[in-house]
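Asks: My structure is in structure.txt, and what it holds is compact mmCIF, C-alpha atoms:
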```
# COMPACT_ATOMS: atom_id res chain seq x y z
CA MET A 14 222.86 18.88 90.60
CA GLU A 15 221.74 21.50 93.10
CA ARG A 16 224.28 22.07 95.92
CA ILE A 17 224.81 24.43 98.83
CA PRO A 18 228.24 26.14 98.62
CA ILE A 19 230.83 25.48 101.33
CA LEU A 20 233.35 28.31 101.83
CA ARG A 21 236.75 27.91 103.44
CA MET A 22 238.25 30.64 105.62
CA GLY A 23 241.56 29.63 107.20
CA PRO A 24 240.96 26.64 109.48
CA PHE A 25 237.17 27.04 109.27
CA LEU A 26 234.41 26.09 106.86
CA ILE A 27 231.43 28.38 106.44
CA VAL A 28 228.01 27.42 105.12
CA SER A 29 225.09 29.76 104.76
CA ILE A 30 221.81 28.07 103.88
CA GLN A 31 219.84 30.51 101.72
CA VAL A 32 217.27 28.21 100.14
CA ASP A 33 214.21 26.33 101.33
CA MET A 34 215.83 22.88 101.31
CA HIS A 35 214.08 19.74 100.24
CA ASP A 36 215.18 16.61 102.10
CA ARG A 37 217.63 15.30 99.50
CA LEU A 38 219.47 18.64 99.35
CA ALA A 39 219.87 18.53 103.13
CA LEU A 40 221.33 15.03 102.93
CA THR A 41 223.71 16.10 100.14
CA LEU A 42 224.95 19.01 102.28
CA GLN A 43 225.56 16.66 105.20
CA ALA A 44 227.69 14.34 103.03
CA ASP A 45 229.53 17.21 101.30
CA LEU A 46 230.45 18.75 104.65
CA ALA A 47 231.87 15.54 106.07
CA ALA A 48 233.99 15.12 102.92
CA ARG A 49 235.26 18.73 103.03
CA ILE A 50 236.17 18.55 106.75
CA SER A 51 238.12 15.36 106.15
CA GLU A 52 239.82 16.76 103.00
CA THR A 53 240.81 20.13 104.47
CA GLY A 54 241.41 19.16 108.10
CA ALA A 55 239.16 22.07 109.06
CA ARG A 56 238.98 22.72 112.82
CA GLY A 57 235.63 24.42 112.83
CA LEU A 58 232.36 24.75 110.96
CA LEU A 59 230.06 27.75 111.03
CA LEU A 60 226.51 26.98 109.89
CA ASP A 61 224.43 30.10 109.24
CA ILE A 62 220.69 29.40 109.16
CA SER A 63 219.48 33.00 109.52
CA SER A 64 217.65 32.74 106.17
CA LEU A 65 215.74 29.60 107.20
CA GLU A 66 212.15 30.50 108.05
CA VAL A 67 211.29 26.92 108.94
CA VAL A 68 213.29 24.23 110.70
CA ASP A 69 211.22 21.07 110.91
CA SER A 70 212.26 17.79 112.53
CA PHE A 71 214.10 16.64 109.41
CA ILE A 72 216.24 19.78 109.13
CA GLY A 73 216.67 19.75 112.92
CA ARG A 74 218.03 16.24 112.74
CA MET A 75 220.31 17.24 109.87
CA ILE A 76 221.78 20.03 112.02
CA SER A 77 222.35 17.63 114.95
CA ASP A 78 223.89 15.04 112.61
CA ILE A 79 226.23 17.61 111.01
CA ALA A 80 227.42 18.73 114.46
CA GLY A 81 227.88 15.10 115.55
CA THR A 82 229.74 14.09 112.39
CA SER A 83 232.09 17.07 112.52
CA ARG A 84 232.83 16.37 116.19
CA VAL A 85 233.87 12.85 115.26
CA LEU A 86 236.05 14.39 112.52
CA ASP A 87 237.70 16.70 115.11
CA ALA A 88 235.93 19.91 114.09
CA GLU A 89 233.72 22.16 116.22
CA THR A 90 230.33 23.27 114.88
CA VAL A 91 228.54 26.49 115.72
CA VAL A 92 225.05 27.13 114.36
CA VAL A 93 224.27 30.83 114.06
CA GLY A 94 221.32 33.08 113.29
CA ILE A 95 218.34 30.96 114.38
CA GLN A 96 215.29 33.22 114.05
CA PRO A 97 213.29 33.73 117.30
CA ALA A 98 210.10 32.28 115.80
CA VAL A 99 212.06 29.25 114.60
CA ALA A 100 213.57 28.77 118.09
CA ILE A 101 210.12 28.85 119.72
CA THR A 102 208.73 26.40 117.15
CA LEU A 103 211.68 24.01 117.45
CA VAL A 104 211.28 23.71 121.21
CA GLU A 105 207.51 23.21 120.94
CA LEU A 106 208.11 20.59 118.27
CA GLY A 107 210.28 18.75 120.82
CA LEU A 108 213.71 19.56 119.38
CA SER A 109 216.12 21.60 121.45
CA LEU A 110 219.22 20.60 119.42
CA PRO A 111 221.13 18.95 122.29
CA GLY A 112 224.89 18.98 121.82
CA VAL A 113 224.76 21.72 119.18
CA ARG A 114 226.58 24.97 119.96
CA THR A 115 224.72 28.09 118.89
CA ALA A 116 225.50 31.79 118.65
CA LEU A 117 223.22 34.71 117.82
CA ASN A 118 225.13 35.88 114.76
CA VAL A 119 228.11 35.14 112.51
CA GLU A 120 230.46 37.43 114.46
CA LYS A 121 229.73 35.75 117.80
CA GLY A 122 229.89 32.35 116.15
CA MET A 123 233.36 33.04 114.71
CA ALA A 124 234.55 34.25 118.13
CA LEU A 125 233.26 31.02 119.69
CA LEU A 126 235.03 28.91 117.04
CA ARG A 127 238.31 30.82 117.47
CA ALA A 128 238.15 30.40 121.25
CA ALA A 129 237.36 26.69 120.98
CA THR A 130 240.19 26.04 118.52
CA ALA A 131 242.65 28.24 120.48
CA ASP A 132 241.99 26.00 123.51
CA ALA A 133 242.72 23.01 121.31
CA ARG A 134 245.99 24.56 120.09
CA GLN A 135 247.11 25.30 123.66
CA TRP A 136 246.32 21.74 124.57
CA ASP A 137 248.33 20.47 121.58
CA ALA A 138 251.26 22.72 122.53
CA ALA A 139 251.17 21.55 126.16
CA ALA A 140 251.00 17.92 125.10
CA GLY A 141 253.90 18.53 122.69
CA SER A 142 256.19 20.03 125.34
CA GLU A 143 255.37 17.19 127.75
CA THR A 144 256.44 14.67 125.13
CA SER A 145 259.73 16.46 124.50
CA SER A 146 260.53 16.69 128.24
CA GLU A 147 259.90 12.96 128.53
CA ASN A 148 262.39 12.43 125.75
CA ALA A 149 264.88 14.68 127.53
CA ASP A 150 264.41 12.69 130.74
CA GLY A 151 264.81 9.48 128.79
CA SER A 152 268.10 10.52 127.24
CA ALA A 153 269.41 11.83 130.58
CA ALA A 154 268.77 8.44 132.20
CA MET A 155 270.78 6.61 129.56
CA MET B 27 182.49 27.95 110.35
CA ALA B 28 182.78 29.44 106.86
CA VAL B 29 185.35 28.48 104.26
CA LEU B 30 186.44 31.61 102.39
CA ARG B 31 189.01 30.12 100.04
CA CYS B 32 190.19 26.61 99.23
CA GLU B 33 193.00 25.06 97.22
CA THR B 34 194.22 21.49 96.86
CA MET B 35 197.87 20.78 96.11
CA PRO B 36 199.58 17.49 95.19
CA VAL B 37 202.08 15.92 97.60
CA ARG B 38 203.95 13.52 95.32
CA SER B 39 207.58 14.64 95.58
CA GLN B 40 210.00 16.46 97.88
CA GLN B 41 209.59 19.55 95.67
CA ASP B 42 205.82 19.38 96.32
CA VAL B 43 206.54 19.42 100.07
CA VAL B 44 208.56 22.63 99.59
CA ALA B 45 205.74 24.13 97.48
CA VAL B 46 203.17 23.26 100.19
CA ARG B 47 205.34 24.95 102.84
CA GLN B 48 205.58 28.09 100.71
CA SER B 49 201.84 28.22 99.99
CA VAL B 50 200.96 27.63 103.64
CA ARG B 51 203.26 30.53 104.56
CA SER B 52 201.55 32.94 102.17
CA TRP B 53 198.05 31.83 103.25
CA ALA B 54 199.04 32.21 106.92
CA VAL B 55 200.23 35.76 106.20
CA ALA B 56 196.97 36.50 104.33
CA GLN B 57 194.95 35.23 107.32
CA GLY B 58 196.82 37.65 109.58
CA LEU B 59 198.59 35.05 111.75
CA SER B 60 201.53 36.33 113.81
CA LEU B 61 205.06 35.48 112.71
CA VAL B 62 205.37 32.82 115.44
CA ASP B 63 202.01 31.27 114.48
CA GLN B 64 202.96 31.35 110.78
CA THR B 65 206.19 29.53 111.60
CA LYS B 66 204.33 26.97 113.73
CA ILE B 67 201.75 26.09 111.08
CA VAL B 68 204.33 26.00 108.27
CA THR B 69 206.47 23.65 110.37
CA ALA B 70 203.45 21.47 111.19
CA ALA B 71 202.55 21.42 107.46
CA SER B 72 206.09 20.33 106.61
CA GLU B 73 205.91 17.41 109.07
CA LEU B 74 202.50 16.28 107.81
CA ALA B 75 203.36 16.69 104.12
CA ARG B 76 206.47 14.55 104.65
CA ASN B 77 204.32 11.90 106.38
CA THR B 78 201.91 11.94 103.41
CA LEU B 79 204.83 11.43 101.03
CA ASP B 80 206.97 8.97 103.01
CA HIS B 81 204.33 6.89 104.80
CA GLY B 82 201.24 7.41 102.65
CA GLY B 83 203.02 7.05 99.31
CA GLY B 84 201.87 10.54 98.29
CA GLY B 85 198.53 12.30 98.43
CA THR B 86 197.13 15.79 98.66
CA ALA B 87 197.22 18.87 100.86
CA ARG B 88 194.10 21.04 101.07
CA LEU B 89 194.46 24.62 102.27
CA GLU B 90 191.37 26.44 103.53
CA ALA B 91 191.04 30.00 104.75
CA VAL B 92 188.31 29.72 107.40
CA SER B 93 186.38 32.08 109.60
CA ASP B 94 184.47 31.26 112.77
CA ASP B 95 182.51 33.96 114.58
CA GLY B 96 184.70 36.61 112.98
CA ARG B 97 187.90 34.79 113.95
CA ALA B 98 190.23 34.02 111.04
CA GLY B 99 192.05 30.73 110.77
CA LEU B 100 193.93 28.46 108.44
CA ARG B 101 192.86 24.83 108.12
CA LEU B 102 195.05 22.22 106.43
CA THR B 103 194.09 18.69 105.48
CA PHE B 104 196.64 16.07 104.43
CA GLU B 105 195.17 12.97 102.86
CA ASP B 106 196.62 9.81 101.38
CA ARG B 107 195.41 6.38 100.30
CA GLY B 108 198.39 4.62 101.76
CA PRO B 109 198.57 1.71 104.20
CA GLY B 110 197.03 3.69 107.09
CA ILE B 111 198.25 3.80 110.67
CA ALA B 112 197.90 0.51 112.53
CA ASP B 113 198.14 1.99 116.03
CA VAL B 114 197.18 5.66 116.16
CA SER B 115 198.08 6.27 119.80
CA LEU B 116 201.50 4.69 119.28
CA ALA B 117 202.04 6.84 116.15
CA MET B 118 201.24 9.95 118.22
CA THR B 119 203.97 9.09 120.75
CA ASP B 120 207.08 11.26 120.51
CA GLY B 121 210.07 9.26 119.43
CA TYR B 122 208.05 6.49 117.77
CA SER B 123 208.90 6.17 114.10
CA THR B 124 208.57 3.56 111.40
CA GLY B 125 210.52 5.71 108.96
CA LYS B 126 213.77 7.62 108.88
CA GLY B 127 212.55 10.55 110.98
CA LEU B 128 212.72 11.38 114.64
CA GLY B 129 209.13 10.37 115.33
CA LEU B 130 208.17 13.94 116.22
CA GLY B 131 205.96 14.53 113.18
CA LEU B 132 202.42 13.76 114.38
CA GLY B 133 202.84 14.73 118.03
CA GLY B 134 204.78 17.83 117.01
CA ALA B 135 202.14 18.87 114.45
CA LYS B 136 199.46 18.50 117.13
CA ARG B 137 201.39 20.68 119.59
CA LEU B 138 201.98 23.33 116.93
CA SER B 139 198.31 23.70 115.98
CA ASN B 140 195.12 24.67 117.83
CA ASP B 141 192.84 21.93 116.47
CA PHE B 142 194.03 18.49 115.41
CA ASP B 143 192.08 15.63 113.93
CA LEU B 144 193.40 12.31 112.68
CA TRP B 145 191.48 9.68 110.76
CA SER B 146 193.13 6.49 109.61
CA ARG B 147 192.08 3.00 108.66
CA ALA B 148 194.42 0.13 107.88
CA GLY B 149 194.55 -0.42 104.12
CA GLU B 150 192.47 2.69 103.33
CA GLY B 151 194.62 5.68 104.13
CA THR B 152 195.17 8.54 106.50
CA ARG B 153 193.72 12.02 106.83
CA VAL B 154 195.07 14.63 109.22
CA THR B 155 193.40 18.01 109.67
CA ILE B 156 194.94 20.86 111.63
CA THR B 157 193.75 24.42 112.22
CA LYS B 158 195.61 27.46 113.46
CA TRP B 159 193.43 30.34 114.67
CA LYS B 160 194.42 33.96 114.74
```
Just give me the structure as structure tokens.
Replies:
Amino acid sequence: MERIPILRMGPFLIVSIQVDMHDRLALTLQADLAARISETGARGLLLDISSLEVVDSFIGRMISDIAGTSRVLDAETVVVGIQPAVAITLVELGLSLPGVRTALNVEKGMALLRAATADARQWDAAAGSETSSENADGSAAM
Amino acid sequence: MAVLRCETMPVRSQQDVVAVRQSVRSWAVAQGLSLVDQTKIVTAASELARNTLDHGGGGTARLEAVSDDGRAGLRLTFEDRGPGIADVSLAMTDGYSTGKGLGLGLGGAKRLSNDFDLWSRAGEGTRVTITKWK
């Protein structure tokens, strides 16, 4: 069965869509991605659509759904490489991809993912130290 | 208006929808449409072809290279013998959908083209014609 490859790079998953997708292929990608995020505990997903010459409402919804699903699975999504003509068409079609982070290219997208996950790590570290100080307080009181 | 070239393609499967998109792209290039206009008409064609397949139970797409007063254009007609559209103005409303889509198909296709014509009769079928002019 035809499938779009999902690459893993450290804590991130990378997908580059290089084919004109029919609807079922788009749905398969959506399901495959959710499974891989859950399996690998990936913190981020980079979706490169620079080869897509057309993004219609179905593919637009797929992109929104992928971003939404990965958010629920604790991973950030950045969509990169939207062609200018595709951007103009999407907005005129009535789709502005609300809630989807975008970057102009792969490099900027990776930087955005690293920054977003670094924030998350800092947050985890801060939360961790708070917990340990509570424990310390607790034992001191006893 | 003169029709310079005409081709009819089947819209019976998701692969046919992809084939229609690709043909519309090459015809739009041949008619000299700008990249943005090519993208708009290919996107509109994708929406309408999916409607033909999902709502009309399949049908045909006719591509026509047209010329009016020296102006080149691309006219597309999507036709099915499906159940038809019960309420056309409701179907044109953004966000209204009876299927699995976003309900942007018809309204979106109209916004993306220069001319738009919709004919539908309950129990007889639906025909949508759009034209993009250079």
Asks: Identify all chain A residues at most 12 Å from chain B by counting only C-alpha atoms; ligands do not count. Present them as a VMD selection string.
Replies: chain A and resid 32 to 39 65 to 75 77 to 78 96 to 108
Asks: Please write as a list in words the list of polymer residues whose atoms come within 10 Å of (222.8, 29.1, 101.0), counting all atoms listed in the file and keeping to the coordinates of the file.
Replies: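 The residues near that point, listed by chain and number, are Arg16, Ile17, Pro18, Ile19, Val28, Ser29, Ile30, Gln31, Val32, Asp33, Met34, Leu60, Asp61, Ile62, Ser63, Ser64 and Leu65 of chain A.
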Asks: The residues within 6 Å of (197.7, 11.1, 98.4), using all atoms listed in the file and the coordinates of the file, should be reported as a list of chain:residue names; which are they?
Replies: B:Gly84, B:Gly85, B:Thr86, B:Glu105, B:Asp106, B:Arg107
Asks: Considering all atoms listed in the file, state which residue in the set B:Ala117, B:Met27, B:Ala91, B:Cys32 is at the smallest distance from B:Asn77.
Replies: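 When distances to B:Asn77 are compared using all atoms listed in the file, the smallest one comes from B:Ala117.
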Asks: Just to confirm, what's the straight-line distance from atom CA of B:Ile111 to atom CA of B:Thr152 in Å (one decimal)?
Replies: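 These atoms are spaced 7.0 Å apart.
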Asks: Give me the residues within 12 Å of stretch 127-130 of chain A as a PyMOL selection string, counting only C-alpha atoms and dropping any in the same chain fewer than 3 places off.
Replies: chain A and resi 22-25+55-59+87-91+114+120-124+133-137
Asks: Could you save the residues just selected, with C-alpha atoms, as a PDB file, in the coordinates of the input?
Replies:
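Output below, filename result.pdb:
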```pdb
ATOM      1  CA  MET A  22     238.250  30.640 105.620  1.00  0.00           C
ATOM      2  CA  GLY A  23     241.560  29.630 107.200  1.00  0.00           C
ATOM      3  CA  PRO A  24     240.960  26.640 109.480  1.00  0.00           C
ATOM      4  CA  PHE A  25     237.170  27.040 109.270  1.00  0.00           C
ATOM      5  CA  ALA A  55     239.160  22.070 109.060  1.00  0.00           C
ATOM      6  CA  ARG A  56     238.980  22.720 112.820  1.00  0.00           C
ATOM      7  CA  GLY A  57     235.630  24.420 112.830  1.00  0.00           C
ATOM      8  CA  LEU A  58     232.360  24.750 110.960  1.00  0.00           C
ATOM      9  CA  LEU A  59     230.060  27.750 111.030  1.00  0.00           C
ATOM     10  CA  ASP A  87     237.700  16.700 115.110  1.00  0.00           C
ATOM     11  CA  ALA A  88     235.930  19.910 114.090  1.00  0.00           C
ATOM     12  CA  GLU A  89     233.720  22.160 116.220  1.00  0.00           C
ATOM     13  CA  THR A  90     230.330  23.270 114.880  1.00  0.00           C
ATOM     14  CA  VAL A  91     228.540  26.490 115.720  1.00  0.00           C
ATOM     15  CA  ARG A 114     226.580  24.970 119.960  1.00  0.00           C
ATOM     16  CA  GLU A 120     230.460  37.430 114.460  1.00  0.00           C
ATOM     17  CA  LYS A 121     229.730  35.750 117.800  1.00  0.00           C
ATOM     18  CA  GLY A 122     229.890  32.350 116.150  1.00  0.00           C
ATOM     19  CA  MET A 123     233.360  33.040 114.710  1.00  0.00           C
ATOM     20  CA  ALA A 124     234.550  34.250 118.130  1.00  0.00           C
ATOM     21  CA  ALA A 133     242.720  23.010 121.310  1.00  0.00           C
ATOM     22  CA  ARG A 134     245.990  24.560 120.090  1.00  0.00           C
ATOM     23  CA  GLN A 135     247.110  25.300 123.660  1.00  0.00           C
ATOM     24  CA  TRP A 136     246.320  21.740 124.570  1.00  0.00           C
ATOM     25  CA  ASP A 137     248.330  20.470 121.580  1.00  0.00           C
TER      26      ASP A 137
END
```
Asks: What is the atom CA of B:His81 to atom CA of B:Val114 distance in Å?
Replies: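 The value is 13.5 Å.
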Asks: Please determine, counting only C-alpha atoms, which residue among A:Leu117, A:Leu86, A:Ala138, A:Ala80 has the shortest atom-to-atom distance to A:Arg49.
Replies: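 So, comparing all the options, the nearest one is A:Leu86.
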Asks: In Å, how far is it from atom CA of B:Val92 to atom CA of B:Arg153?
Replies: 18.5 Å
Asks: Could you give me, as a ChimeraX atom specification, the residues within 10 Å of B:Glu33, counting all atoms listed in the file and dropping anything in the same chain fewer than 3 positions from it?
Replies: /B:49,87-91,102
Asks: Would you pick out the contacts of stretch 144-146 of chain B at 9 Å or less, using only C-alpha atoms, so that residues sharing its chain but fewer than 2 positions from it are not included, and give the list as number ranges by chain?
Replies: B: 110-112, 114, 142, 148-156
Asks: When distances are computed from all atoms listed in the file, which of B:Thr119, B:Val55, B:Gly108, B:Trp159 shows the smallest separation from B:Asp95?
Replies: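 For B:Asp95, the nearest of the candidates is B:Trp159.
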